[in-house]
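Next up, final23.cif (mmCIF, C-alpha atoms):
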data_structure
loop_
_atom_site.label_atom_id
_atom_site.label_comp_id
_atom_site.auth_asym_id
_atom_site.auth_seq_id
_atom_site.Cartn_x
_atom_site.Cartn_y
_atom_site.Cartn_z
CA MET A 13 159.45 64.70 101.12
CA LYS A 14 161.85 61.88 101.94
CA ILE A 15 159.95 58.75 102.96
CA THR A 16 161.33 55.58 104.58
CA LYS A 17 159.03 52.59 105.06
CA GLU A 18 159.75 49.80 107.55
CA SER A 19 157.65 46.83 108.65
CA ASN A 20 155.59 48.84 111.12
CA LYS A 21 156.75 52.44 110.67
CA ILE A 22 156.88 55.18 108.06
CA THR A 23 159.32 58.06 108.61
CA ILE A 24 158.83 61.25 106.64
CA LEU A 25 161.50 63.97 106.45
CA ASN A 26 161.17 67.38 104.76
CA THR A 27 157.50 67.52 105.67
CA GLN A 28 156.44 70.66 103.79
CA ASP A 29 153.83 68.64 101.89
CA PHE A 30 152.24 66.97 104.92
CA ASP A 31 150.77 68.77 107.90
CA VAL A 32 148.95 66.20 110.05
CA ILE A 33 146.62 68.67 111.76
CA GLN A 34 145.64 70.38 108.50
CA THR A 35 145.00 67.03 106.84
CA LEU A 36 142.86 65.67 109.65
CA ASN A 37 140.95 68.90 110.29
CA CYS A 38 139.88 69.72 106.75
CA GLY A 39 136.61 67.78 106.76
CA GLN A 40 137.53 64.54 105.01
CA ILE A 41 137.79 62.22 108.02
CA PHE A 42 136.06 61.95 111.40
CA ARG A 43 137.73 59.09 113.28
CA TYR A 44 140.83 60.61 114.80
CA VAL A 45 142.12 62.05 118.08
CA ILE A 46 144.80 64.75 118.22
CA ASP A 47 146.79 65.20 121.43
CA GLY A 48 149.57 67.75 121.16
CA ASN A 49 152.05 66.48 118.59
CA THR A 50 150.52 63.02 118.34
CA ALA A 51 147.38 61.67 116.72
CA LEU A 52 145.52 58.39 116.50
CA VAL A 53 143.83 57.78 113.17
CA TYR A 54 141.30 55.01 112.58
CA SER A 55 140.06 53.48 109.32
CA LEU A 56 137.89 50.35 109.14
CA ASP A 57 139.44 48.02 111.75
CA LYS A 58 142.89 49.63 111.53
CA CYS A 59 144.73 52.24 113.58
CA ALA A 60 147.82 54.37 113.04
CA ARG A 61 149.69 56.49 115.57
CA LEU A 62 151.27 59.63 114.16
CA SER A 63 153.83 61.81 115.90
CA TRP A 64 155.59 64.85 114.47
CA GLY A 65 158.10 67.59 115.02
CA LYS A 66 159.37 70.45 112.90
CA GLU A 67 160.95 68.32 110.17
CA LYS A 68 159.82 64.73 110.82
CA ILE A 69 156.61 62.70 110.91
CA GLU A 70 156.46 59.10 112.12
CA ILE A 71 153.53 56.80 111.37
CA ILE A 72 153.34 53.55 113.35
CA SER A 73 150.83 50.82 112.53
CA ASP A 74 150.38 47.07 112.26
CA ASP A 75 149.27 47.64 108.66
CA ILE A 76 151.82 50.09 107.33
CA ASP A 77 151.04 49.44 103.64
CA TYR A 78 147.41 50.39 104.22
CA PHE A 79 148.34 53.70 105.80
CA TYR A 80 151.03 54.44 103.21
CA HIS A 81 148.24 54.41 100.63
CA PHE A 82 145.75 56.03 103.04
CA PHE A 83 147.92 59.14 103.43
CA ASP A 84 148.54 59.27 99.65
CA LEU A 85 152.30 59.19 100.12
CA ASP A 86 153.11 58.32 96.51
CA ARG A 87 151.66 61.60 95.19
CA ASP A 88 153.78 64.71 94.48
CA TYR A 89 151.87 67.54 96.18
CA THR A 90 154.60 70.08 95.44
CA GLN A 91 153.80 69.79 91.75
CA ILE A 92 150.05 70.10 92.39
CA LYS A 93 150.51 73.21 94.52
CA ASN A 94 152.83 74.83 92.00
CA VAL A 95 150.14 74.49 89.32
CA LEU A 96 147.31 75.73 91.54
CA ARG A 97 149.32 78.71 92.85
CA LYS A 98 149.23 80.13 89.31
CA ASP A 99 145.49 80.67 89.77
CA GLU A 100 144.81 84.16 91.16
CA PHE A 101 141.90 82.92 93.28
CA LEU A 102 143.83 80.10 94.90
CA LYS A 103 147.33 81.23 95.78
CA SER A 104 146.57 82.41 99.34
CA ALA A 105 144.50 79.31 100.06
CA VAL A 106 147.22 76.96 98.80
CA ASP A 107 149.87 78.75 100.88
CA TYR A 108 147.65 78.60 103.97
CA GLY A 109 146.80 74.89 103.65
CA ALA A 110 150.05 73.75 102.05
CA GLY A 111 150.25 70.62 104.23
CA ILE A 112 146.84 69.17 103.29
CA ARG A 113 146.78 65.75 101.68
CA ILE A 114 143.63 64.11 100.32
CA LEU A 115 143.21 60.79 102.07
CA ASN A 116 142.39 57.50 100.37
CA ASN A 117 139.56 56.51 102.67
CA ASP A 118 137.58 53.29 102.38
CA VAL A 119 134.55 54.10 100.25
CA TYR A 120 132.05 52.19 102.42
CA GLU A 121 133.16 53.97 105.61
CA ILE A 122 133.11 57.33 103.82
CA LEU A 123 129.63 56.69 102.41
CA ILE A 124 128.20 55.98 105.87
CA SER A 125 130.15 58.83 107.48
CA PHE A 126 129.06 61.45 104.96
CA ILE A 127 125.39 60.51 105.20
CA ILE A 128 125.79 61.28 108.90
CA SER A 129 127.63 64.52 108.07
CA ALA A 130 124.83 66.12 106.04
CA ASN A 131 123.66 69.37 107.69
CA ASN A 132 125.57 68.43 110.82
CA ASN A 133 128.53 69.70 112.86
CA ILE A 134 131.86 67.98 113.42
CA LYS A 135 131.36 67.19 117.10
CA ARG A 136 128.00 65.52 116.51
CA ILE A 137 129.27 63.66 113.45
CA LYS A 138 132.22 62.24 115.40
CA ASN A 139 130.01 61.32 118.37
CA SER A 140 127.50 59.51 116.14
CA ILE A 141 130.20 57.55 114.35
CA GLU A 142 131.91 56.61 117.61
CA TYR A 143 128.57 55.44 119.05
CA LEU A 144 128.07 53.12 116.07
CA CYS A 145 131.63 51.82 116.36
CA ALA A 146 131.39 51.26 120.13
CA HIS A 147 128.02 49.49 119.98
CA PHE A 148 128.23 47.57 116.71
CA GLY A 149 131.89 47.40 115.61
CA LYS A 150 134.41 44.73 116.56
CA ASP A 151 136.31 45.31 119.80
CA MET A 152 139.96 45.72 118.79
CA GLY A 153 141.24 46.03 122.38
CA THR A 154 141.97 49.74 122.67
CA TYR A 155 139.34 50.88 120.15
CA HIS A 156 136.39 49.60 118.15
CA ALA A 157 136.42 48.97 114.42
CA PHE A 158 134.02 50.68 112.06
CA PRO A 159 131.01 48.35 111.75
CA THR A 160 131.06 46.14 108.69
CA LEU A 161 128.11 46.26 106.30
CA ASP A 162 126.77 43.00 107.79
CA GLU A 163 126.99 44.50 111.27
CA MET A 164 125.28 47.70 110.12
CA LYS A 165 122.42 45.70 108.61
CA ARG A 166 121.55 44.61 112.17
CA VAL A 167 121.26 48.21 113.39
CA SER A 168 117.67 49.41 113.85
CA ILE A 169 116.18 52.83 113.17
CA SER A 170 115.87 53.22 116.93
CA ASP A 171 119.58 52.48 117.32
CA TYR A 172 120.42 55.13 114.71
CA ARG A 173 118.34 57.61 116.65
CA LYS A 174 120.23 56.72 119.83
CA ALA A 175 123.42 57.42 117.89
CA GLY A 176 122.16 60.95 117.29
CA LEU A 177 121.28 60.64 113.60
CA GLY A 178 117.90 62.35 114.01
CA TYR A 179 116.05 62.61 110.67
CA ARG A 180 118.93 60.71 109.03
CA ALA A 181 118.02 57.52 110.94
CA GLU A 182 115.42 56.35 108.41
CA GLN A 183 117.65 57.35 105.50
CA MET A 184 120.59 55.42 106.91
CA TYR A 185 118.50 52.34 107.62
CA GLU A 186 117.08 52.26 104.08
CA THR A 187 120.46 52.79 102.42
CA VAL A 188 122.25 50.19 104.53
CA GLN A 189 119.53 47.62 103.87
CA ARG A 190 119.77 48.31 100.14
CA LEU A 191 123.58 48.18 99.89
CA SER A 192 125.54 45.01 99.16
CA LEU A 193 129.25 44.26 99.12
CA GLU A 194 128.85 43.70 95.39
CA ASP A 195 127.46 47.23 94.98
CA ILE A 196 130.47 48.70 96.78
CA ALA A 197 132.99 46.64 94.79
CA ARG A 198 131.29 47.50 91.49
CA LEU A 199 131.11 51.19 92.38
CA LYS A 200 134.90 51.46 92.38
CA ASN A 201 135.07 50.44 88.71
CA LEU A 202 132.19 52.47 87.30
CA PRO A 203 132.72 55.58 85.16
CA LYS A 204 132.44 58.86 87.07
CA ASP A 205 128.93 59.71 85.84
CA GLN A 206 127.61 56.28 86.81
CA GLN A 207 129.25 56.51 90.24
CA PHE A 208 127.46 59.81 90.78
CA LYS A 209 124.15 58.41 89.52
CA PHE A 210 124.33 55.39 91.82
CA LEU A 211 125.35 57.41 94.88
CA THR A 212 122.62 60.02 94.44
CA SER A 213 120.05 57.21 94.14
CA LEU A 214 120.76 56.32 97.79
CA LYS A 215 118.71 57.84 100.58
CA GLY A 216 120.66 60.55 102.40
CA VAL A 217 123.08 61.14 99.52
CA GLY A 218 122.64 64.46 97.73
CA GLU A 219 124.94 65.93 95.12
CA LYS A 220 127.43 67.45 97.58
CA VAL A 221 127.66 64.25 99.65
CA ALA A 222 128.06 62.16 96.48
CA ASN A 223 130.94 64.36 95.35
CA CYS A 224 132.57 64.04 98.79
CA ILE A 225 132.28 60.25 98.64
CA MET A 226 133.81 60.24 95.17
CA LEU A 227 136.66 62.55 96.19
CA PHE A 228 137.54 61.04 99.57
CA GLY A 229 136.48 57.41 99.03
CA LEU A 230 136.83 56.67 95.32
CA GLY A 231 139.86 58.77 94.44
CA VAL A 232 138.00 60.85 91.84
CA LYS A 233 139.85 64.17 91.72
CA ASP A 234 137.86 66.02 89.02
CA VAL A 235 134.93 66.73 91.36
CA PHE A 236 134.23 69.86 93.38
CA PRO A 237 131.92 69.36 96.40
CA VAL A 238 130.02 72.59 97.09
CA ASP A 239 128.83 73.31 100.61
CA THR A 240 127.98 76.56 102.41
CA TRP A 241 131.65 77.58 102.62
CA ILE A 242 132.40 76.92 98.95
CA ASN A 243 129.20 78.76 97.98
CA LYS A 244 130.49 81.78 99.94
CA VAL A 245 133.94 81.45 98.37
CA TYR A 246 132.45 81.42 94.87
CA ASN A 247 130.28 84.47 95.51
CA ASN A 248 133.17 86.33 97.11
CA LEU A 249 135.60 85.62 94.28
CA THR A 250 133.13 86.28 91.45
CA ASN A 251 131.29 89.17 93.13
CA THR A 252 127.95 87.42 92.67
CA ASN A 253 125.19 86.19 94.95
CA THR A 254 124.22 82.87 93.43
CA THR A 255 122.77 79.91 95.33
CA ASP A 256 122.78 77.62 92.29
CA ARG A 257 125.20 74.96 93.49
CA LYS A 258 124.97 72.94 90.29
CA LYS A 259 126.23 76.00 88.42
CA ILE A 260 129.00 76.56 90.98
CA THR A 261 130.09 72.92 90.81
CA HIS A 262 130.10 72.99 87.00
CA GLU A 263 132.08 76.23 86.73
CA LEU A 264 134.68 75.32 89.36
CA THR A 265 135.19 71.82 87.97
CA ASN A 266 135.68 73.29 84.51
CA ARG A 267 138.17 75.79 85.93
CA TYR A 268 140.33 73.32 87.88
CA LYS A 269 139.68 70.09 85.93
CA ASP A 270 141.74 67.12 87.23
CA LEU A 271 142.92 69.20 90.20
CA SER A 272 139.40 70.22 91.27
CA GLY A 273 139.39 68.09 94.42
CA PHE A 274 142.67 69.56 95.60
CA ALA A 275 141.48 73.10 94.86
CA GLN A 276 138.29 72.44 96.82
CA GLN A 277 140.21 71.36 99.90
CA TYR A 278 142.49 74.40 99.84
CA PHE A 279 139.53 76.74 99.38
CA PHE A 280 137.46 75.05 102.08
CA TYR A 281 140.21 74.97 104.70
CA TYR A 282 141.40 78.54 104.12
CA TYR A 283 138.03 80.26 104.03
CA ARG A 284 136.47 78.18 106.82
CA ASP A 285 139.44 78.88 109.10
CA ASN A 286 139.36 82.57 108.28
CA LYS A 287 135.58 82.81 108.72
CA LEU A 288 134.65 84.23 105.32
CA LYS A 289 131.33 86.08 105.67
#
Could you show the structure in this file as structure tokens?
Amino acid sequence: MKITKESNKITILNTQDFDVIQTLNCGQIFRYVIDGNTALVYSLDKCARLSWGKEKIEIISDDIDYFYHFFDLDRDYTQIKNVLRKDEFLKSAVDYGAGIRILNNDVYEILISFIISANNNIKRIKNSIEYLCAHFGKDMGTYHAFPTLDEMKRVSISDYRKAGLGYRAEQMYETVQRLSLEDIARLKNLPKDQQFKFLTSLKGVGEKVANCIMLFGLGVKDVFPVDTWINKVYNNLTNTNTTDRKKITHELTNRYKDLSGFAQQYFFYYYRDNKLK
């Protein structure tokens, strides 16, 4: 890709490594709106407007440095895909989702969002998050910011239920009350095993959600979140019928090592879109 950065705009040419729709629709972000060949993407209190054609993407924002990092524009995805295409299991998935990029989300927003996402569907997840933003986040004029931790600490269990969290309401309340800004800052600098241990100690955070938070919020790439789709992928590719997700996570992480997170996204997007049974 050829990338030009200005004060409020990023222009990307030769866009074979960045498909906006694939990137937004592969389960790593929930605050976005796609309208034809444009999209609005929200993170914390920030917004970016993306527009694209066959060979060009433009990103416009008041905080262009934030979104340059957010869309992982310094990383060479061609090299990553060339390595992963050598794996017999992955080649079709990489070709199908060749424009996916793993976003550098804010870890606090991802933590809250993925607690909401557990055993949930995309429409309900997005609606719940937007309810919390609209009722408790700062009014930015044309949108509402994601609520800060201090703002979330004022949200009641009843409010979480109104947001559609259901059984997650009590879990969210307990986790938010426990969290501190110091916890979040310290989490970024912990070793991988300690990050996982801390995250799974929080209410509403199981192993899969913890791995998602690490991948999408902490930039840890040698993790392999296993959900229903990845479980099906594993059984299909290995001709087995296991439900042991710890085993699946261990084997796939050992197979793909530092590229595990990228492999997971290609697998997930390809097999979910093609409705693997």
Residues in the PyMOL selection byres ((chain A and resi 258) around 12), expressed as number ranges by chain: A: 218-220, 223, 235-239, 243, 254-257, 259-265
Saved selection, atoms kept: C-alpha atoms, as an mmCIF file, in the frame of the given file:
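Result file follows (part.cif):
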data_model
loop_
_atom_site.group_PDB
_atom_site.id
_atom_site.type_symbol
_atom_site.label_atom_id
_atom_site.label_comp_id
_atom_site.auth_asym_id
_atom_site.auth_seq_id
_atom_site.Cartn_x
_atom_site.Cartn_y
_atom_site.Cartn_z
ATOM 1 C CA GLY A 218 122.640 64.460 97.730
ATOM 2 C CA GLU A 219 124.940 65.930 95.120
ATOM 3 C CA LYS A 220 127.430 67.450 97.580
ATOM 4 C CA ASN A 223 130.940 64.360 95.350
ATOM 5 C CA VAL A 235 134.930 66.730 91.360
ATOM 6 C CA PHE A 236 134.230 69.860 93.380
ATOM 7 C CA PRO A 237 131.920 69.360 96.400
ATOM 8 C CA VAL A 238 130.020 72.590 97.090
ATOM 9 C CA ASP A 239 128.830 73.310 100.610
ATOM 10 C CA ASN A 243 129.200 78.760 97.980
ATOM 11 C CA THR A 254 124.220 82.870 93.430
ATOM 12 C CA THR A 255 122.770 79.910 95.330
ATOM 13 C CA ASP A 256 122.780 77.620 92.290
ATOM 14 C CA ARG A 257 125.200 74.960 93.490
ATOM 15 C CA LYS A 259 126.230 76.000 88.420
ATOM 16 C CA ILE A 260 129.000 76.560 90.980
ATOM 17 C CA THR A 261 130.090 72.920 90.810
ATOM 18 C CA HIS A 262 130.100 72.990 87.000
ATOM 19 C CA GLU A 263 132.080 76.230 86.730
ATOM 20 C CA LEU A 264 134.680 75.320 89.360
ATOM 21 C CA THR A 265 135.190 71.820 87.970
#
task: For a cut-off of 6 Å around (151.2, 53.3, 117.0), file coordinates, pick out all residues using only C-alpha atoms and list them as a ChimeraX atom specification.
output: /A:60-61,72-73
message: Could you list, as a ChimeraX atom specification, every residue matched by the PyMOL selection byres ((chain A and resi 231) around 12) in this structure?
response: /A:81-82,84,114-119,122,199-201,204,207,223-230,232-235,270-274
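Proximity of A:Leu36, A:Met184, A:Leu52, A:Ile22 to A:Thr154, computed with only C-alpha atoms, is greatest for A:Leu52.
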field: Residues within 12 Å of A:Gln183, all atoms listed in the file, excluding chain neighbours under 5 positions, as a VMD selection string
entry: chain A and resid 124 127 to 128 130 168 to 169 172 to 173 177 to 178 188 to 190 213 to 218
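Distances to A:Asp107 were evaluated for A:Asp47, A:Gln28, A:Asp195, A:Phe208 using all atoms listed in the file, and the minimum falls at A:Gln28.
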As a check of understanding, name the residues that the PyMOL selection byres ((chain A and resi 55) around 8) selects in the supplied structure, as a short mmCIF file (atom, residue, chain, number, x, y, z; two decimals) with C-alpha atoms, keeping the file's coordinate frame.
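Listed below is the output, expr16.cif:
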data_model
loop_
_atom_site.label_atom_id
_atom_site.label_comp_id
_atom_site.auth_asym_id
_atom_site.auth_seq_id
_atom_site.Cartn_x
_atom_site.Cartn_y
_atom_site.Cartn_z
CA ARG A 43 137.73 59.09 113.28
CA VAL A 53 143.83 57.78 113.17
CA TYR A 54 141.30 55.01 112.58
CA LEU A 56 137.89 50.35 109.14
CA ASP A 57 139.44 48.02 111.75
CA LYS A 58 142.89 49.63 111.53
CA CYS A 59 144.73 52.24 113.58
CA ASN A 117 139.56 56.51 102.67
CA ASP A 118 137.58 53.29 102.38
CA GLU A 121 133.16 53.97 105.61
CA ALA A 157 136.42 48.97 114.42
CA PHE A 158 134.02 50.68 112.06
#
message: At a cut-off of 8 Å, using all atoms listed in the file, what residues contact stretch 91-97 of chain A? Leave out same-chain residues fewer than 5 positions from it and give the result as a list in words.
response: Leu102, Lys103, Ser104, Val106, Ala110, Leu271 and Ala275 of chain A
statement: In Å and to one decimal, atom CA of A:Phe101 is distant from atom CA of A:Asn286 by 15.2 Å
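Compared by their closest atoms to A:Leu25, and using all atoms listed in the file, the residues A:Trp64, A:Gly149, A:Gly39, A:Gly48 rank with A:Trp64 nearest.
Counting from atom CA of A:Ile46, the distance to atom CA of A:Asp171 is 28.1 Å.
Going from atom CA of A:Phe30 to atom CA of A:Leu62 covers 11.8 Å.
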- request: Extract, using all atoms listed in the file, all DNA, RNA and protein residues at most 10 Å from A:Leu193, discarding same-chain residues fewer than 3 positions from it, and format them as a PyMOL selection string.
  value: chain A and resi 120+160-162+196-199
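Among A:Cys38, A:Glu194, A:Val167, A:Ile141, the residue with the shortest atom-to-atom distance to A:Glu182, counting only C-alpha atoms, is A:Val167.
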statement: Between A:Ile112, A:Ile242, A:Leu191, A:Met152, smallest distance to A:Met164 by all atoms listed in the file belongs to A:Leu191
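Comparing A:Leu211, A:Ile137, A:Leu202, A:Ala51 by their smallest distance to A:Arg180, the closest is A:Ile137 (using only C-alpha atoms).
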